[in-house]
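Trainee: I'd like to ask some things about the structure below.
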Amino acid sequence: MQKQYAVIGLGRFGSSIASTLFEAGNEVLGIDINEERVEQFKDCVTHAVIADSTEEEALKAVGIRDFDTVIVAIGNDIQASILTVLVLKELGIRQVIAKALSKRHGQVLYKVGADWVVFPERDMGERIAHHLMSPNVLDFIELAKDYSIEEVKVPSSMTGKSLKELDLRAKFNLSVIAINSRGNIHISPPPDQMIEEDDVLVVIGRNEDLQRFANLQ
Ligand code: ADP
């Protein structure tokens with residue numbers, strides 16, 4: 001189903017969000033104070049307009065109140081990012097997502113009403129560091145402080161064996177929730193499921209157990 005999004009700030013981060021949403025078939029309004037940016041990205045969104053998002057009247061004039069979700073992708077101008085979130089929440093926008101440059105900036109964004117604050121540089125840095133330390137981990141979702149779901153490339157020592165033989169539950173305290181075998185997804189795989197070369201396991205467990213497993217060769 002097509003949804004409507006407004007993205008404020010068409011820098012590297014904002015333009016990437018806007019064009020991804022647009023290419024997936026959503027209606028996207030792009031807003032930037034800078035005329036050149038608006039000109040540059042006008043074909044990557046449904047509409048692109050010039051406006052100063054710190055001004056309530058300007059946001060009203062571009063019809064921001066018709067949008068359920070607004071992404072504030074202003075980075076370097078911290079004052080403008082905070083003011084924009086404040087104005088959007090005062091206008092009653094249901095979901096405001098904002099990018100923060102630092103922990104402090106993020107705290108203030110939550111204080112003025114942001115519903116979800118993202119830290120793209122910090123998060124990407126963490127992901128790259130994790131990947132460097134555990135190259136077999138293709139992706140992960142942190143569920144809580146100590147628990148995650150990870151996509152792990154199977155170590156070569158495990159290929160040609162069944163899940164039962166591997167017994168990851170007893171040896172690592174991990175559960176395999178799915179196997180991606182060259183594009184074929186097996187959800188809740190049975191114990192006799194054989195593990196093949198290049199399989200990717202989706203496993204859930206404690207981070208320390210996941211790390212032990214992912215570092216096997
Ligand atoms: P990135 O690191 O993602 O490139 P930037 O901070 O460089 O982020 O870019 C943010 C964008 O936000 C710029 O295109 C800038 O013109 C725009 N911007 C800054 N202040 C405002 C504002 N008050 N209203 C609308 N757009 C703004």
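Identifiers in this document derive from the order of the structure tokens: chains are assigned A, B, ..., residues are numbered from 1 separately in each chain, and ligands are numbered from 1 in order of occurrence.
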Applying 6 Å and only C-alpha atoms, which residues near region 194-196 of chain A remain after dropping the ones on its own chain fewer than 5 positions away? List them as a PDB file with C-alpha atoms, in the first residue's frame.
Mentor:
ATOM      1  CA  THR A 159      28.690 -28.409   6.490  1.00  0.00           C
ATOM      2  CA  GLY A 160      27.364 -31.873   5.644  1.00  0.00           C
ATOM      3  CA  LYS A 161      25.865 -32.336   9.107  1.00  0.00           C
ATOM      4  CA  SER A 162      22.262 -32.160  10.294  1.00  0.00           C
TER       5      SER A 162
END
Trainee: Residues within 10 Å of region 67-69 of chain A, please, as a VMD selection string. Count only C-alpha atoms; anything in the same chain fewer than 4 positions from it doesn't count.
Mentor: chain A and resid 3 to 7 28 to 29 63 92 to 97
Trainee: Since we have the selection now, will you write its residues out, keeping C-alpha atoms, as a PDB file, in the first residue's frame?
Mentor:
ATOM      1  CA  LYS A   3       2.160   5.633   2.082  1.00  0.00           C
ATOM      2  CA  GLN A   4       2.981   9.303   2.402  1.00  0.00           C
ATOM      3  CA  TYR A   5       6.226  10.567   3.871  1.00  0.00           C
ATOM      4  CA  ALA A   6       7.843  13.969   4.153  1.00  0.00           C
ATOM      5  CA  VAL A   7      11.627  14.226   4.385  1.00  0.00           C
ATOM      6  CA  VAL A  28       7.407  11.457  -0.820  1.00  0.00           C
ATOM      7  CA  LEU A  29       7.555  15.191  -0.208  1.00  0.00           C
ATOM      8  CA  GLY A  63       0.789  20.913   3.639  1.00  0.00           C
ATOM      9  CA  GLY A  92       0.360  17.354  15.651  1.00  0.00           C
ATOM     10  CA  ILE A  93       2.441  15.156  13.319  1.00  0.00           C
ATOM     11  CA  ARG A  94       1.980  11.618  14.625  1.00  0.00           C
ATOM     12  CA  GLN A  95       5.392  10.136  13.912  1.00  0.00           C
ATOM     13  CA  VAL A  96       8.506  12.314  13.808  1.00  0.00           C
ATOM     14  CA  ILE A  97      11.806  10.571  13.142  1.00  0.00           C
TER      15      ILE A  97
END
Trainee: Quick one: everything within 7 Å of region 198-206 of chain A, counting only C-alpha atoms, minus sequence neighbours fewer than 3 positions away in the same chain. Send it as a PyMOL selection string.
Mentor: chain A and resi 146-154+173-182+195+209-210
Trainee: Can those selected residues be exported to a file as a PDB file, in the first residue's frame so that it contains N, CA and C atoms?
Mentor:
ATOM      1  N   ASP A 146      21.717  -7.861  26.069  1.00  0.00           N
ATOM      2  CA  ASP A 146      22.593  -9.032  25.910  1.00  0.00           C
ATOM      3  C   ASP A 146      22.116 -10.047  24.876  1.00  0.00           C
ATOM      4  N   TYR A 147      21.019  -9.781  24.200  1.00  0.00           N
ATOM      5  CA  TYR A 147      20.427 -10.783  23.295  1.00  0.00           C
ATOM      6  C   TYR A 147      20.266 -10.243  21.880  1.00  0.00           C
ATOM      7  N   SER A 148      20.545 -11.088  20.893  1.00  0.00           N
ATOM      8  CA  SER A 148      20.401 -10.664  19.503  1.00  0.00           C
ATOM      9  C   SER A 148      19.922 -11.804  18.620  1.00  0.00           C
ATOM     10  N   ILE A 149      19.505 -11.400  17.414  1.00  0.00           N
ATOM     11  CA  ILE A 149      19.296 -12.360  16.332  1.00  0.00           C
ATOM     12  C   ILE A 149      20.395 -12.057  15.332  1.00  0.00           C
ATOM     13  N   GLU A 150      21.108 -13.096  14.889  1.00  0.00           N
ATOM     14  CA  GLU A 150      22.192 -12.865  13.932  1.00  0.00           C
ATOM     15  C   GLU A 150      22.045 -13.756  12.710  1.00  0.00           C
ATOM     16  N   GLU A 151      22.509 -13.229  11.596  1.00  0.00           N
ATOM     17  CA  GLU A 151      22.623 -14.023  10.369  1.00  0.00           C
ATOM     18  C   GLU A 151      24.087 -14.428  10.272  1.00  0.00           C
ATOM     19  N   VAL A 152      24.348 -15.717  10.378  1.00  0.00           N
ATOM     20  CA  VAL A 152      25.741 -16.181  10.437  1.00  0.00           C
ATOM     21  C   VAL A 152      26.037 -17.144   9.292  1.00  0.00           C
ATOM     22  N   LYS A 153      27.125 -16.878   8.570  1.00  0.00           N
ATOM     23  CA  LYS A 153      27.578 -17.817   7.536  1.00  0.00           C
ATOM     24  C   LYS A 153      28.066 -19.078   8.239  1.00  0.00           C
ATOM     25  N   VAL A 154      27.653 -20.275   7.789  1.00  0.00           N
ATOM     26  CA  VAL A 154      28.071 -21.472   8.527  1.00  0.00           C
ATOM     27  C   VAL A 154      29.568 -21.709   8.367  1.00  0.00           C
ATOM     28  N   ASN A 173      23.778 -22.974  23.377  1.00  0.00           N
ATOM     29  CA  ASN A 173      22.588 -22.352  23.931  1.00  0.00           C
ATOM     30  C   ASN A 173      21.915 -21.420  22.907  1.00  0.00           C
ATOM     31  N   LEU A 174      21.977 -21.813  21.628  1.00  0.00           N
ATOM     32  CA  LEU A 174      21.406 -20.983  20.555  1.00  0.00           C
ATOM     33  C   LEU A 174      20.277 -21.735  19.862  1.00  0.00           C
ATOM     34  N   SER A 175      19.283 -20.986  19.351  1.00  0.00           N
ATOM     35  CA  SER A 175      18.221 -21.601  18.548  1.00  0.00           C
ATOM     36  C   SER A 175      18.344 -21.123  17.117  1.00  0.00           C
ATOM     37  N   VAL A 176      18.224 -22.065  16.192  1.00  0.00           N
ATOM     38  CA  VAL A 176      18.234 -21.709  14.765  1.00  0.00           C
ATOM     39  C   VAL A 176      16.789 -21.452  14.371  1.00  0.00           C
ATOM     40  N   ILE A 177      16.485 -20.219  13.964  1.00  0.00           N
ATOM     41  CA  ILE A 177      15.087 -19.924  13.622  1.00  0.00           C
ATOM     42  C   ILE A 177      14.825 -20.013  12.125  1.00  0.00           C
ATOM     43  N   ALA A 178      15.885 -19.940  11.320  1.00  0.00           N
ATOM     44  CA  ALA A 178      15.704 -20.102   9.872  1.00  0.00           C
ATOM     45  C   ALA A 178      17.052 -20.403   9.232  1.00  0.00           C
ATOM     46  N   ILE A 179      16.987 -20.996   8.039  1.00  0.00           N
ATOM     47  CA  ILE A 179      18.212 -21.234   7.274  1.00  0.00           C
ATOM     48  C   ILE A 179      17.983 -20.670   5.870  1.00  0.00           C
ATOM     49  N   ASN A 180      18.941 -19.894   5.420  1.00  0.00           N
ATOM     50  CA  ASN A 180      18.891 -19.397   4.042  1.00  0.00           C
ATOM     51  C   ASN A 180      19.897 -20.228   3.250  1.00  0.00           C
ATOM     52  N   SER A 181      19.354 -21.137   2.421  1.00  0.00           N
ATOM     53  CA  SER A 181      20.214 -22.030   1.657  1.00  0.00           C
ATOM     54  C   SER A 181      20.160 -21.592   0.207  1.00  0.00           C
ATOM     55  N   ARG A 182      21.123 -20.769  -0.175  1.00  0.00           N
ATOM     56  CA  ARG A 182      21.194 -20.188  -1.539  1.00  0.00           C
ATOM     57  C   ARG A 182      19.854 -19.619  -1.992  1.00  0.00           C
ATOM     58  N   ILE A 195      22.935 -29.164   6.769  1.00  0.00           N
ATOM     59  CA  ILE A 195      23.584 -27.865   6.564  1.00  0.00           C
ATOM     60  C   ILE A 195      24.549 -27.997   5.381  1.00  0.00           C
ATOM     61  N   ASP A 209      27.235 -16.072  23.508  1.00  0.00           N
ATOM     62  CA  ASP A 209      27.128 -17.392  22.864  1.00  0.00           C
ATOM     63  C   ASP A 209      27.168 -17.239  21.338  1.00  0.00           C
ATOM     64  N   LEU A 210      26.492 -16.202  20.862  1.00  0.00           N
ATOM     65  CA  LEU A 210      26.496 -15.944  19.414  1.00  0.00           C
ATOM     66  C   LEU A 210      27.918 -15.685  18.926  1.00  0.00           C
TER      67      LEU A 210
END
Trainee: Counting only C-alpha atoms, what is within 12 Å of Tyr110 (chain A), bar same-chain residues fewer than 3 positions away, as a PDB file with N, CA and C atoms, in the first residue's frame?
Mentor:
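Done, and the output landed in out_29.pdb:
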ATOM      1  N   SER A  81      17.507  21.529  13.551  1.00  0.00           N
ATOM      2  CA  SER A  81      16.926  20.200  13.700  1.00  0.00           C
ATOM      3  C   SER A  81      15.999  20.152  14.923  1.00  0.00           C
ATOM      4  N   ILE A  82      16.432  20.741  16.031  1.00  0.00           N
ATOM      5  CA  ILE A  82      15.615  20.740  17.255  1.00  0.00           C
ATOM      6  C   ILE A  82      14.331  21.550  17.061  1.00  0.00           C
ATOM      7  N   VAL A  85      11.750  19.701  14.865  1.00  0.00           N
ATOM      8  CA  VAL A  85      11.018  18.636  15.571  1.00  0.00           C
ATOM      9  C   VAL A  85       9.943  19.245  16.478  1.00  0.00           C
ATOM     10  N   LEU A  86      10.332  20.313  17.175  1.00  0.00           N
ATOM     11  CA  LEU A  86       9.387  20.996  18.068  1.00  0.00           C
ATOM     12  C   LEU A  86       8.155  21.472  17.298  1.00  0.00           C
ATOM     13  N   LYS A  89       5.895  18.554  16.119  1.00  0.00           N
ATOM     14  CA  LYS A  89       5.073  17.958  17.162  1.00  0.00           C
ATOM     15  C   LYS A  89       3.960  18.920  17.573  1.00  0.00           C
ATOM     16  N   VAL A  96       7.375  11.485  14.240  1.00  0.00           N
ATOM     17  CA  VAL A  96       8.506  12.314  13.808  1.00  0.00           C
ATOM     18  C   VAL A  96       9.796  11.541  14.092  1.00  0.00           C
ATOM     19  N   ILE A  97      10.543  11.307  13.031  1.00  0.00           N
ATOM     20  CA  ILE A  97      11.806  10.571  13.142  1.00  0.00           C
ATOM     21  C   ILE A  97      12.915  11.585  12.883  1.00  0.00           C
ATOM     22  N   ALA A  98      13.929  11.614  13.743  1.00  0.00           N
ATOM     23  CA  ALA A  98      14.955  12.646  13.569  1.00  0.00           C
ATOM     24  C   ALA A  98      16.348  12.062  13.680  1.00  0.00           C
ATOM     25  N   LYS A  99      17.247  12.636  12.896  1.00  0.00           N
ATOM     26  CA  LYS A  99      18.642  12.200  12.924  1.00  0.00           C
ATOM     27  C   LYS A  99      19.406  13.036  13.946  1.00  0.00           C
ATOM     28  N   ALA A 100      20.217  12.357  14.785  1.00  0.00           N
ATOM     29  CA  ALA A 100      21.035  13.082  15.758  1.00  0.00           C
ATOM     30  C   ALA A 100      22.508  12.883  15.445  1.00  0.00           C
ATOM     31  N   LYS A 103      24.953  12.083  21.262  1.00  0.00           N
ATOM     32  CA  LYS A 103      24.054  11.601  22.310  1.00  0.00           C
ATOM     33  C   LYS A 103      23.227  12.760  22.881  1.00  0.00           C
ATOM     34  N   ARG A 104      23.904  13.874  23.155  1.00  0.00           N
ATOM     35  CA  ARG A 104      23.245  15.065  23.706  1.00  0.00           C
ATOM     36  C   ARG A 104      22.152  15.567  22.771  1.00  0.00           C
ATOM     37  N   HIS A 105      22.507  15.670  21.504  1.00  0.00           N
ATOM     38  CA  HIS A 105      21.555  16.114  20.477  1.00  0.00           C
ATOM     39  C   HIS A 105      20.341  15.181  20.489  1.00  0.00           C
ATOM     40  N   GLY A 106      20.592  13.886  20.567  1.00  0.00           N
ATOM     41  CA  GLY A 106      19.504  12.906  20.591  1.00  0.00           C
ATOM     42  C   GLY A 106      18.601  13.075  21.804  1.00  0.00           C
ATOM     43  N   GLN A 107      19.219  13.330  22.968  1.00  0.00           N
ATOM     44  CA  GLN A 107      18.418  13.515  24.181  1.00  0.00           C
ATOM     45  C   GLN A 107      17.483  14.706  24.037  1.00  0.00           C
ATOM     46  N   GLY A 113      10.039  15.987  21.731  1.00  0.00           N
ATOM     47  CA  GLY A 113       8.916  15.204  21.226  1.00  0.00           C
ATOM     48  C   GLY A 113       9.201  14.214  20.119  1.00  0.00           C
ATOM     49  N   ALA A 114      10.455  14.084  19.662  1.00  0.00           N
ATOM     50  CA  ALA A 114      10.728  13.119  18.595  1.00  0.00           C
ATOM     51  C   ALA A 114      10.274  11.728  19.028  1.00  0.00           C
ATOM     52  N   ASP A 115       9.711  10.970  18.092  1.00  0.00           N
ATOM     53  CA  ASP A 115       9.224   9.640  18.423  1.00  0.00           C
ATOM     54  C   ASP A 115      10.311   8.595  18.258  1.00  0.00           C
ATOM     55  N   TRP A 116      11.258   8.886  17.386  1.00  0.00           N
ATOM     56  CA  TRP A 116      12.342   7.924  17.143  1.00  0.00           C
ATOM     57  C   TRP A 116      13.562   8.734  16.696  1.00  0.00           C
ATOM     58  N   VAL A 117      14.652   8.585  17.429  1.00  0.00           N
ATOM     59  CA  VAL A 117      15.876   9.311  17.074  1.00  0.00           C
ATOM     60  C   VAL A 117      16.879   8.298  16.532  1.00  0.00           C
ATOM     61  N   VAL A 118      17.462   8.597  15.389  1.00  0.00           N
ATOM     62  CA  VAL A 118      18.458   7.683  14.811  1.00  0.00           C
ATOM     63  C   VAL A 118      19.824   8.354  14.806  1.00  0.00           C
TER      64      VAL A 118
END
Trainee: Taking only region 57-184 of chain A into account, list the residues labelled helix (DSSP H, G or I) by DSSP (computed from the backbone), as a PyMOL selection string.
Mentor: chain A and resi 57-61+64-66+78-90+103-111+120-133+156-158+163-166+168-172
Trainee: Please return as a PyMOL selection string the residues found within 10 Å of ligand 1, counting only C-alpha atoms and all ligand atoms.
Mentor: chain A and resi 7-17+30-38+49-55+58-59+72-84+99+101+120-121
Trainee: Could you please take those selected residues and save N, CA and C atoms as a compact mmCIF listing (two decimals), in the first residue's frame?
Mentor:
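Final output, part-v4.txt:
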# COMPACT_ATOMS: atom_id res chain seq x y z
N VAL A 7 10.24 14.27 3.93
CA VAL A 7 11.63 14.23 4.39
C VAL A 7 12.15 15.66 4.38
N ILE A 8 12.59 16.12 5.54
CA ILE A 8 13.10 17.50 5.65
C ILE A 8 14.62 17.45 5.71
N GLY A 9 15.27 18.11 4.76
CA GLY A 9 16.73 18.09 4.69
C GLY A 9 17.17 17.05 3.66
N LEU A 10 17.55 17.52 2.49
CA LEU A 10 17.93 16.58 1.42
C LEU A 10 19.45 16.51 1.27
N GLY A 11 20.12 16.29 2.41
CA GLY A 11 21.57 16.04 2.37
C GLY A 11 21.80 14.58 1.98
N ARG A 12 22.94 14.02 2.35
CA ARG A 12 23.24 12.63 1.97
C ARG A 12 22.25 11.67 2.60
N PHE A 13 22.00 11.86 3.90
CA PHE A 13 21.12 10.95 4.63
C PHE A 13 19.66 11.10 4.18
N GLY A 14 19.19 12.34 4.17
CA GLY A 14 17.78 12.60 3.82
C GLY A 14 17.47 12.19 2.38
N SER A 15 18.37 12.50 1.45
CA SER A 15 18.08 12.17 0.05
C SER A 15 18.08 10.65 -0.14
N SER A 16 18.89 9.95 0.64
CA SER A 16 18.91 8.49 0.53
C SER A 16 17.59 7.89 1.05
N ILE A 17 17.10 8.42 2.17
CA ILE A 17 15.81 7.94 2.69
C ILE A 17 14.70 8.26 1.69
N GLY A 30 9.80 16.06 -0.48
CA GLY A 30 11.14 16.45 -0.04
C GLY A 30 11.17 17.94 0.23
N ILE A 31 11.76 18.33 1.36
CA ILE A 31 11.79 19.75 1.73
C ILE A 31 13.23 20.13 2.06
N ASP A 32 13.68 21.25 1.52
CA ASP A 32 15.01 21.74 1.89
C ASP A 32 15.00 23.26 1.77
N ILE A 33 15.82 23.90 2.59
CA ILE A 33 15.91 25.36 2.58
C ILE A 33 16.76 25.82 1.38
N ASN A 34 17.53 24.87 0.87
CA ASN A 34 18.51 25.20 -0.17
C ASN A 34 17.93 24.89 -1.56
N GLU A 35 17.85 25.93 -2.38
CA GLU A 35 17.22 25.79 -3.70
C GLU A 35 17.95 24.77 -4.58
N GLU A 36 19.27 24.79 -4.51
CA GLU A 36 20.05 23.85 -5.35
C GLU A 36 19.76 22.40 -4.99
N ARG A 37 19.64 22.12 -3.68
CA ARG A 37 19.34 20.76 -3.24
C ARG A 37 17.98 20.31 -3.78
N VAL A 38 17.01 21.23 -3.70
CA VAL A 38 15.66 20.91 -4.15
C VAL A 38 15.68 20.61 -5.65
N VAL A 49 10.14 20.77 -2.45
CA VAL A 49 9.84 22.19 -2.26
C VAL A 49 10.90 22.87 -1.39
N ILE A 50 11.04 24.18 -1.61
CA ILE A 50 11.97 24.96 -0.80
C ILE A 50 11.19 25.51 0.39
N ALA A 51 11.67 25.26 1.58
CA ALA A 51 11.04 25.85 2.77
C ALA A 51 12.01 25.79 3.93
N ASP A 52 11.86 26.75 4.85
CA ASP A 52 12.64 26.72 6.09
C ASP A 52 11.77 26.00 7.13
N SER A 53 12.19 24.81 7.51
CA SER A 53 11.34 23.97 8.36
C SER A 53 11.27 24.46 9.80
N THR A 54 12.05 25.46 10.16
CA THR A 54 11.95 25.99 11.52
C THR A 54 10.78 26.97 11.62
N GLU A 55 10.19 27.30 10.47
CA GLU A 55 9.06 28.25 10.47
C GLU A 55 7.75 27.52 10.30
N ALA A 58 5.67 28.21 7.19
CA ALA A 58 6.21 27.63 5.96
C ALA A 58 5.83 26.14 5.87
N LEU A 59 5.90 25.44 7.00
CA LEU A 59 5.55 24.01 6.99
C LEU A 59 4.05 23.82 6.73
N VAL A 72 13.16 14.06 9.91
CA VAL A 72 13.97 15.28 9.98
C VAL A 72 15.43 14.86 9.80
N ALA A 73 15.95 15.14 8.61
CA ALA A 73 17.30 14.68 8.27
C ALA A 73 18.28 15.85 8.21
N ILE A 74 18.00 16.87 9.04
CA ILE A 74 18.95 17.98 9.14
C ILE A 74 20.02 17.55 10.12
N GLY A 75 21.28 17.65 9.76
CA GLY A 75 22.31 17.17 10.65
C GLY A 75 23.09 18.29 11.30
N ASN A 76 23.88 18.96 10.50
CA ASN A 76 24.86 19.88 11.07
C ASN A 76 24.27 21.07 11.81
N ASP A 77 23.14 21.55 11.33
CA ASP A 77 22.52 22.69 12.01
C ASP A 77 21.62 22.14 13.13
N ILE A 78 22.24 21.94 14.30
CA ILE A 78 21.54 21.29 15.42
C ILE A 78 20.33 22.11 15.88
N GLN A 79 20.52 23.42 15.89
CA GLN A 79 19.41 24.29 16.30
C GLN A 79 18.21 24.12 15.37
N ALA A 80 18.47 24.08 14.07
CA ALA A 80 17.37 23.93 13.10
C ALA A 80 16.71 22.56 13.26
N SER A 81 17.51 21.53 13.55
CA SER A 81 16.93 20.20 13.70
C SER A 81 16.00 20.15 14.92
N ILE A 82 16.43 20.74 16.03
CA ILE A 82 15.62 20.74 17.26
C ILE A 82 14.33 21.55 17.06
N LEU A 83 14.48 22.74 16.50
CA LEU A 83 13.31 23.60 16.28
C LEU A 83 12.30 22.93 15.35
N THR A 84 12.81 22.27 14.32
CA THR A 84 11.92 21.60 13.35
C THR A 84 11.09 20.51 14.03
N LYS A 99 17.25 12.64 12.90
CA LYS A 99 18.64 12.20 12.92
C LYS A 99 19.41 13.04 13.95
N LEU A 101 23.28 13.91 15.76
CA LEU A 101 24.73 13.81 15.53
C LEU A 101 25.45 13.29 16.76
N PRO A 120 22.83 7.69 12.63
CA PRO A 120 23.36 6.90 11.51
C PRO A 120 24.86 6.65 11.58
N GLU A 121 25.64 7.66 11.93
CA GLU A 121 27.10 7.47 11.94
C GLU A 121 27.49 6.50 13.05
Trainee: How far is it from CA of Ala48 (chain A) to CA of Val70 (chain A), in Å with one decimal?
Mentor: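 CA of Ala48 (chain A) sits 14.0 Å away from CA of Val70 (chain A).
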Trainee: With distances taken over only C-alpha atoms, which of A:Phe119, A:Ser19, A:Val87, A:Leu138 is nearest to Gln40 (chain A)?
Mentor: A:Ser19
Trainee: Any idea what the distance is between CA of Ser156 (chain A) and CA of Glu126 (chain A)?
Mentor: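 According to the coordinates, CA of Ser156 (chain A) and CA of Glu126 (chain A) are separated by 26.5 Å.
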Trainee: Between CA of Asn26 (chain A) and CA of Ile64 (chain A), what is the spacing in Å?
Mentor: 15.9 Å
Trainee: May I have all residues of region 62-188 of chain A that DSSP, computed from the backbone, assigns to strand (DSSP E or B), given as a VMD selection string?
Mentor: chain A and resid 69 to 72 95 to 99 116 to 118 137 to 142 147 to 153 162 175 to 181 184 to 187
Trainee: Deliver the residues from the most recent selection as a file, using N, CA and C atoms, as a short mmCIF file (atom, residue, chain, number, x, y, z; two decimals), in the first residue's frame.
Mentor:
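Generated file (result_28.cif):
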data_model
loop_
_atom_site.label_atom_id
_atom_site.label_comp_id
_atom_site.auth_asym_id
_atom_site.auth_seq_id
_atom_site.Cartn_x
_atom_site.Cartn_y
_atom_site.Cartn_z
N THR A 69 3.93 10.69 8.83
CA THR A 69 5.33 10.43 9.22
C THR A 69 6.23 11.45 8.55
N VAL A 70 7.03 12.13 9.37
CA VAL A 70 7.98 13.11 8.84
C VAL A 70 9.38 12.76 9.35
N ILE A 71 10.34 12.75 8.44
CA ILE A 71 11.72 12.44 8.81
C ILE A 71 12.53 13.74 8.78
N VAL A 72 13.16 14.06 9.91
CA VAL A 72 13.97 15.28 9.98
C VAL A 72 15.43 14.86 9.80
N GLN A 95 4.09 10.79 13.76
CA GLN A 95 5.39 10.14 13.91
C GLN A 95 6.50 11.03 13.35
N VAL A 96 7.38 11.49 14.24
CA VAL A 96 8.51 12.31 13.81
C VAL A 96 9.80 11.54 14.09
N ILE A 97 10.54 11.31 13.03
CA ILE A 97 11.81 10.57 13.14
C ILE A 97 12.92 11.59 12.88
N ALA A 98 13.93 11.61 13.74
CA ALA A 98 14.95 12.65 13.57
C ALA A 98 16.35 12.06 13.68
N LYS A 99 17.25 12.64 12.90
CA LYS A 99 18.64 12.20 12.92
C LYS A 99 19.41 13.04 13.95
N TRP A 116 11.26 8.89 17.39
CA TRP A 116 12.34 7.92 17.14
C TRP A 116 13.56 8.73 16.70
N VAL A 117 14.65 8.59 17.43
CA VAL A 117 15.88 9.31 17.07
C VAL A 117 16.88 8.30 16.53
N VAL A 118 17.46 8.60 15.39
CA VAL A 118 18.46 7.68 14.81
C VAL A 118 19.82 8.35 14.81
N VAL A 137 29.39 -12.89 10.62
CA VAL A 137 28.08 -12.32 10.94
C VAL A 137 27.71 -11.33 9.84
N LEU A 138 26.65 -11.67 9.09
CA LEU A 138 26.27 -10.82 7.97
C LEU A 138 25.39 -9.67 8.42
N ASP A 139 24.57 -9.93 9.44
CA ASP A 139 23.68 -8.88 9.93
C ASP A 139 23.20 -9.27 11.33
N PHE A 140 22.74 -8.29 12.09
CA PHE A 140 22.21 -8.63 13.41
C PHE A 140 21.16 -7.62 13.84
N ILE A 141 20.29 -8.09 14.71
CA ILE A 141 19.29 -7.22 15.33
C ILE A 141 19.47 -7.37 16.82
N GLU A 142 19.68 -6.27 17.52
CA GLU A 142 19.83 -6.34 18.96
C GLU A 142 18.44 -6.35 19.57
N TYR A 147 21.02 -9.78 24.20
CA TYR A 147 20.43 -10.78 23.30
C TYR A 147 20.27 -10.24 21.88
N SER A 148 20.54 -11.09 20.89
CA SER A 148 20.40 -10.66 19.50
C SER A 148 19.92 -11.80 18.62
N ILE A 149 19.51 -11.40 17.41
CA ILE A 149 19.30 -12.36 16.33
C ILE A 149 20.39 -12.06 15.33
N GLU A 150 21.11 -13.10 14.89
CA GLU A 150 22.19 -12.86 13.93
C GLU A 150 22.05 -13.76 12.71
N GLU A 151 22.51 -13.23 11.60
CA GLU A 151 22.62 -14.02 10.37
C GLU A 151 24.09 -14.43 10.27
N VAL A 152 24.35 -15.72 10.38
CA VAL A 152 25.74 -16.18 10.44
C VAL A 152 26.04 -17.14 9.29
N LYS A 153 27.12 -16.88 8.57
CA LYS A 153 27.58 -17.82 7.54
C LYS A 153 28.07 -19.08 8.24
N SER A 162 23.64 -32.60 10.06
CA SER A 162 22.26 -32.16 10.29
C SER A 162 22.24 -31.24 11.51
N SER A 175 19.28 -20.99 19.35
CA SER A 175 18.22 -21.60 18.55
C SER A 175 18.34 -21.12 17.12
N VAL A 176 18.22 -22.07 16.19
CA VAL A 176 18.23 -21.71 14.76
C VAL A 176 16.79 -21.45 14.37
N ILE A 177 16.48 -20.22 13.96
CA ILE A 177 15.09 -19.92 13.62
C ILE A 177 14.83 -20.01 12.13
N ALA A 178 15.88 -19.94 11.32
CA ALA A 178 15.70 -20.10 9.87
C ALA A 178 17.05 -20.40 9.23
N ILE A 179 16.99 -21.00 8.04
CA ILE A 179 18.21 -21.23 7.27
C ILE A 179 17.98 -20.67 5.87
N ASN A 180 18.94 -19.89 5.42
CA ASN A 180 18.89 -19.40 4.04
C ASN A 180 19.90 -20.23 3.25
N SER A 181 19.35 -21.14 2.42
CA SER A 181 20.21 -22.03 1.66
C SER A 181 20.16 -21.59 0.21
N ASN A 184 16.87 -20.24 -0.77
CA ASN A 184 15.70 -20.97 -0.27
C ASN A 184 15.65 -20.81 1.24
N ILE A 185 14.53 -20.28 1.70
CA ILE A 185 14.42 -20.02 3.14
C ILE A 185 13.67 -21.16 3.82
N HIS A 186 14.28 -21.75 4.83
CA HIS A 186 13.62 -22.79 5.63
C HIS A 186 13.35 -22.19 7.00
N ILE A 187 12.07 -21.96 7.27
CA ILE A 187 11.71 -21.37 8.56
C ILE A 187 11.48 -22.50 9.57
#
